[in-house]
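Down below is the structure, laid out as structure tokens.
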Amino acid sequence: MASEFHHSSPSSLTESNSVVDNEQYASCSKSNVAVTPEVIPILSPGGMREWIPCCSDELKPVVGMKFMSVEEGISFYKAYSKAASFVMRKSTATKRKTLDVIAFQYCLCNKAGFKEKAIVKVGGMPNVKKGEGNEDKVPIPRRRLVTRVGCKARMVMKYKNEGFYVVTEFREPHVHPLYTPGCLKFQKAGRKMNILHKKMIIDNSKVNIGPVKTFRLMKELVGSYDNVGASKQDFKKFHRDLKAYIEGSDAQMFVNNFQNKKLLWSAFFFDYEVDEDEQRKAFWADPICRKNYALFGDMVSFDTTFQTNRYNMIFGPFTGVDHHKKCVIFGAALIAHEDIVSFEWVFRTFLKAMGGNEPACLITDEDPAMKLAIPKVFQTAEHRFCMWHIMKKMPEKVGRQIKQETEFLNKICKCVWSEEIEPTEFEEKWGKVLAEFKLQDHEWLKQLYEKRQMWVPAYFRDSFLCGIMRTTSRSESENNFYTKFTNPHLTLVEFYMIFESALDAQRHTQGQFDNDSKHKHPECKTSFALEKHASKIYTVSVFYDFQEELEIGCFQCGLEEYKKENGFEIFTIREGCRIRKFDVSFNPANLDSKCMCKMFERLEIPCRHMVWVWKAKMIEYIPDAYVLNRWTSLATKTSIFDLKGNILEACVNFVDCKRMLNELWSEMHTCVSLAQGNEEDLTDLVKN
């Protein structure tokens, strides 16, 4: 083995000792093949195996070389280390106190020195589970890979009184093999987080994509992991550092963000409060939220079942239903505690943002503090409980055995969800179901029955609720939507970034539906003029609901009885094989129609029984009184002004820089895609 090495000083070394000639090395470097770097292997006088890198003499430091600053010397040695296939690091810097300058600067190989062995403490080890003692536990130290092997390669710079630095020592041999091109890319010097990496991490975090998935996406974007230019750990560290930076001034950054939006968007509403106990409350609503409330705020749902961030604050969105029967956000609040004071502040701030206009109905969960706070703030709004939250708890409350082995849930749901029965009929059915399963004395069901007027549809059949209380799928969809950006590990700034991204997605979807309703028309199933008229005025989703009513009304309903009373025509309509009959009162003078099923009162869409009467009376269009603007395709075209006279959706006082930036990124990606097949074009693109 020793015969392969030279016992000599570096000055006696020749190029003939190199392992690979220059041309071969250059060709291997271009092809990314893992080869041995060009080196001269030697044996030191002490018999230690050493490697001297071969590179241009112009890149090598020389004793006596002068630099005007420490940074200049470090940059020179870093360029040398890159050409010589090793990684440098700065080490001890000795300062001269009298002149406040660095007297000595050491530039070392990253494998210089040795790692100190950590002292392992047995007590309080992380592998000890909660509730267990430490007596018989064997400490499990963290496994770390050692990189330092005592390499002596270095360059030392000394400050001279003339104002420059001079190289006083340069040791060239390394006591370890140098990095191959295949390994160098994994070293810190071969990796760098550029602006594209950071932008992708930040942008992807808005849609709940973490740094690891972002790293994989980046690989697909650039073609391979080798082309990413950074490691998965670099992505994770940047994400960690970003969270640490935000956490240092999280609350202030959160507030500053809203203050900046207020300056740029005059109709943006934001308010917050910090009480004596340092408990924070915040509410915000942008101009589009406020406009949507003016158009669709007749029914509002307020839900506080979401834990949002690492501070355990409660997120409370105000939600309604738009003209496409989709959920739309009116505003949002963050509170520290679910108490009466907090809810009062949120509700008063909400009304302040909406110009003091109360909704017709406010739907919440069964929170007792909220129930007490609502009457203190809302004077005219009806308060109702969300059926979805109540029925979701039903299986857990009645017991697993009853849920799994009986038809209790099916029967109780038929009783509760029915909208055509009167209160007395509901009470009778409820009693029968409980008696059948011997649950008359069930405490939770008794409490639920006592507050039945707050949540059972039979008790408010005349109230318009947009169907939000009766539709399980809508509530689940809304819950899933908010769950996307509520996370117990988020900072306030991260939470708002994700919230804003989700809000943009919601509005983009609404814009798509607006386009479909304006420029596309659903197919009619009949030749009736009523259906054609509905297809022109309603949004697509509302039209499909009306179309279903028209189809059943025309082909499954019939006249059971007809009579006249006090100028009104009374039609008794039968529906298929159903036992229940429905009376429709019709005024021929003004086309006023009223059905005992009360579907129009609940949903503000004409029912099948009214449609049958209009068809029988040869009416070719839906009477104006039964076409609500909130369901039409032109609902959002109405201009809404705030109290200061600003048009809410036109209050942006700045150029949309974000849109311009995105267009620029798109252009850059397009250029790269066009040039990727031609090496000359790629070279020109990089230069330009």
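In the structure tokens, the first chain shown is A, the next is B, and so on; residue numbers restart at 1 for each chain, and ligands run from 1 in the order shown.
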
#### Entry: Residue list (helix (DSSP H, G or I), DSSP) for region 404-638 of chain A, as a ChimeraX atom specification
/A:404-405,408-417,423-436,443-450,452-454,457-459,472-483,492-519,529-537,540-555,599-603,608-616,624-626,629-631,635-637

### Task
Please provide as a ChimeraX atom specification all residues within 7 Å of Phe568 (chain A), with the sequence filter that same-chain residues fewer than 4 positions apart are discarded (counting only C-alpha atoms).
/A:564,585-587

Just the selected residues (all heavy atoms), exported as a CSV table (one decimal), in the first residue's frame, please.
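Saved the output as again.csv:
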chain,number,residue,atom,x,y,z
A,564,LYS,N,-114.4,28.2,-4.6
A,564,LYS,CA,-114.1,29.6,-4.5
A,564,LYS,C,-114.6,30.2,-3.2
A,564,LYS,O,-115.7,29.8,-2.7
A,564,LYS,CB,-114.8,30.4,-5.6
A,564,LYS,CG,-114.3,30.1,-7.0
A,564,LYS,CD,-114.9,31.0,-8.0
A,564,LYS,CE,-114.3,30.8,-9.4
A,564,LYS,NZ,-115.0,31.7,-10.4
A,585,SER,N,-104.1,28.6,-2.3
A,585,SER,CA,-105.0,29.7,-2.4
A,585,SER,C,-104.5,30.6,-3.6
A,585,SER,O,-103.3,31.0,-3.5
A,585,SER,CB,-105.1,30.5,-1.1
A,585,SER,OG,-105.8,31.7,-1.3
A,586,PHE,N,-105.4,31.0,-4.5
A,586,PHE,CA,-105.0,31.7,-5.7
A,586,PHE,C,-105.9,32.9,-5.9
A,586,PHE,O,-107.1,32.8,-5.9
A,586,PHE,CB,-105.0,30.8,-7.0
A,586,PHE,CG,-104.6,31.6,-8.2
A,586,PHE,CD1,-103.3,31.9,-8.5
A,586,PHE,CD2,-105.6,31.9,-9.2
A,586,PHE,CE1,-103.0,32.6,-9.7
A,586,PHE,CE2,-105.3,32.6,-10.3
A,586,PHE,CZ,-104.0,32.9,-10.6
A,587,ASN,N,-105.3,34.1,-6.1
A,587,ASN,CA,-106.1,35.3,-6.3
A,587,ASN,C,-105.9,35.7,-7.8
A,587,ASN,O,-104.8,36.1,-8.2
A,587,ASN,CB,-105.5,36.5,-5.4
A,587,ASN,CG,-106.4,37.7,-5.5
A,587,ASN,OD1,-107.2,37.9,-6.4
A,587,ASN,ND2,-106.2,38.6,-4.6

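Remark: for Tyr159 (chain A), the closest of the candidate residues A:Gly553, A:Gly316, A:Gly64, A:Gly511 is A:Gly64 (distances computed over only C-alpha atoms).
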
### Message
Need the shell around Leu439 (chain A): protein/DNA/RNA residues with any atom at most 9 Å away, counting only C-alpha atoms. Skip same-chain ones fewer than 6 positions apart. Format as a ChimeraX atom specification?
### Response
/A:398,433,445

### Query
A:Glu601, A:Glu561, A:Glu531, A:Glu58: which is nearest Glu548 (chain A), counting only C-alpha atoms?
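Result for the nearest residue to Glu548 (chain A): A:Glu531.
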
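Remark: for Cys524 (chain A), the closest of the candidate residues A:Phe378, A:Tyr538, A:Phe235, A:Phe543 is A:Phe543 (distances computed over only C-alpha atoms).
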
### Message
Give me, as a list of chain:residue names, the residues of region 439-682 of chain A that a backbone DSSP run labels strand (DSSP E).
### Response
A:Cys557, A:Gly558, A:Leu559, A:Glu560, A:Glu561, A:Tyr562, A:Lys563, A:Lys564, A:Glu565, A:Phe568, A:Glu569, A:Ile570, A:Phe571, A:Thr572, A:Ile573, A:Arg574, A:Glu575, A:Lys581, A:Phe582, A:Asp583, A:Val584, A:Ser585, A:Phe586, A:Asn587, A:Asp592, A:Ser593, A:Lys594, A:Cys595

### Task
Please provide as number ranges by chain all residues within 10 Å of region 606-610 of chain A, with the sequence filter that same-chain residues fewer than 5 positions apart are discarded (counting only C-alpha atoms).
A: 545-554, 556-559, 571-575, 581-586, 593-601, 615-616, 622-623, 626-627
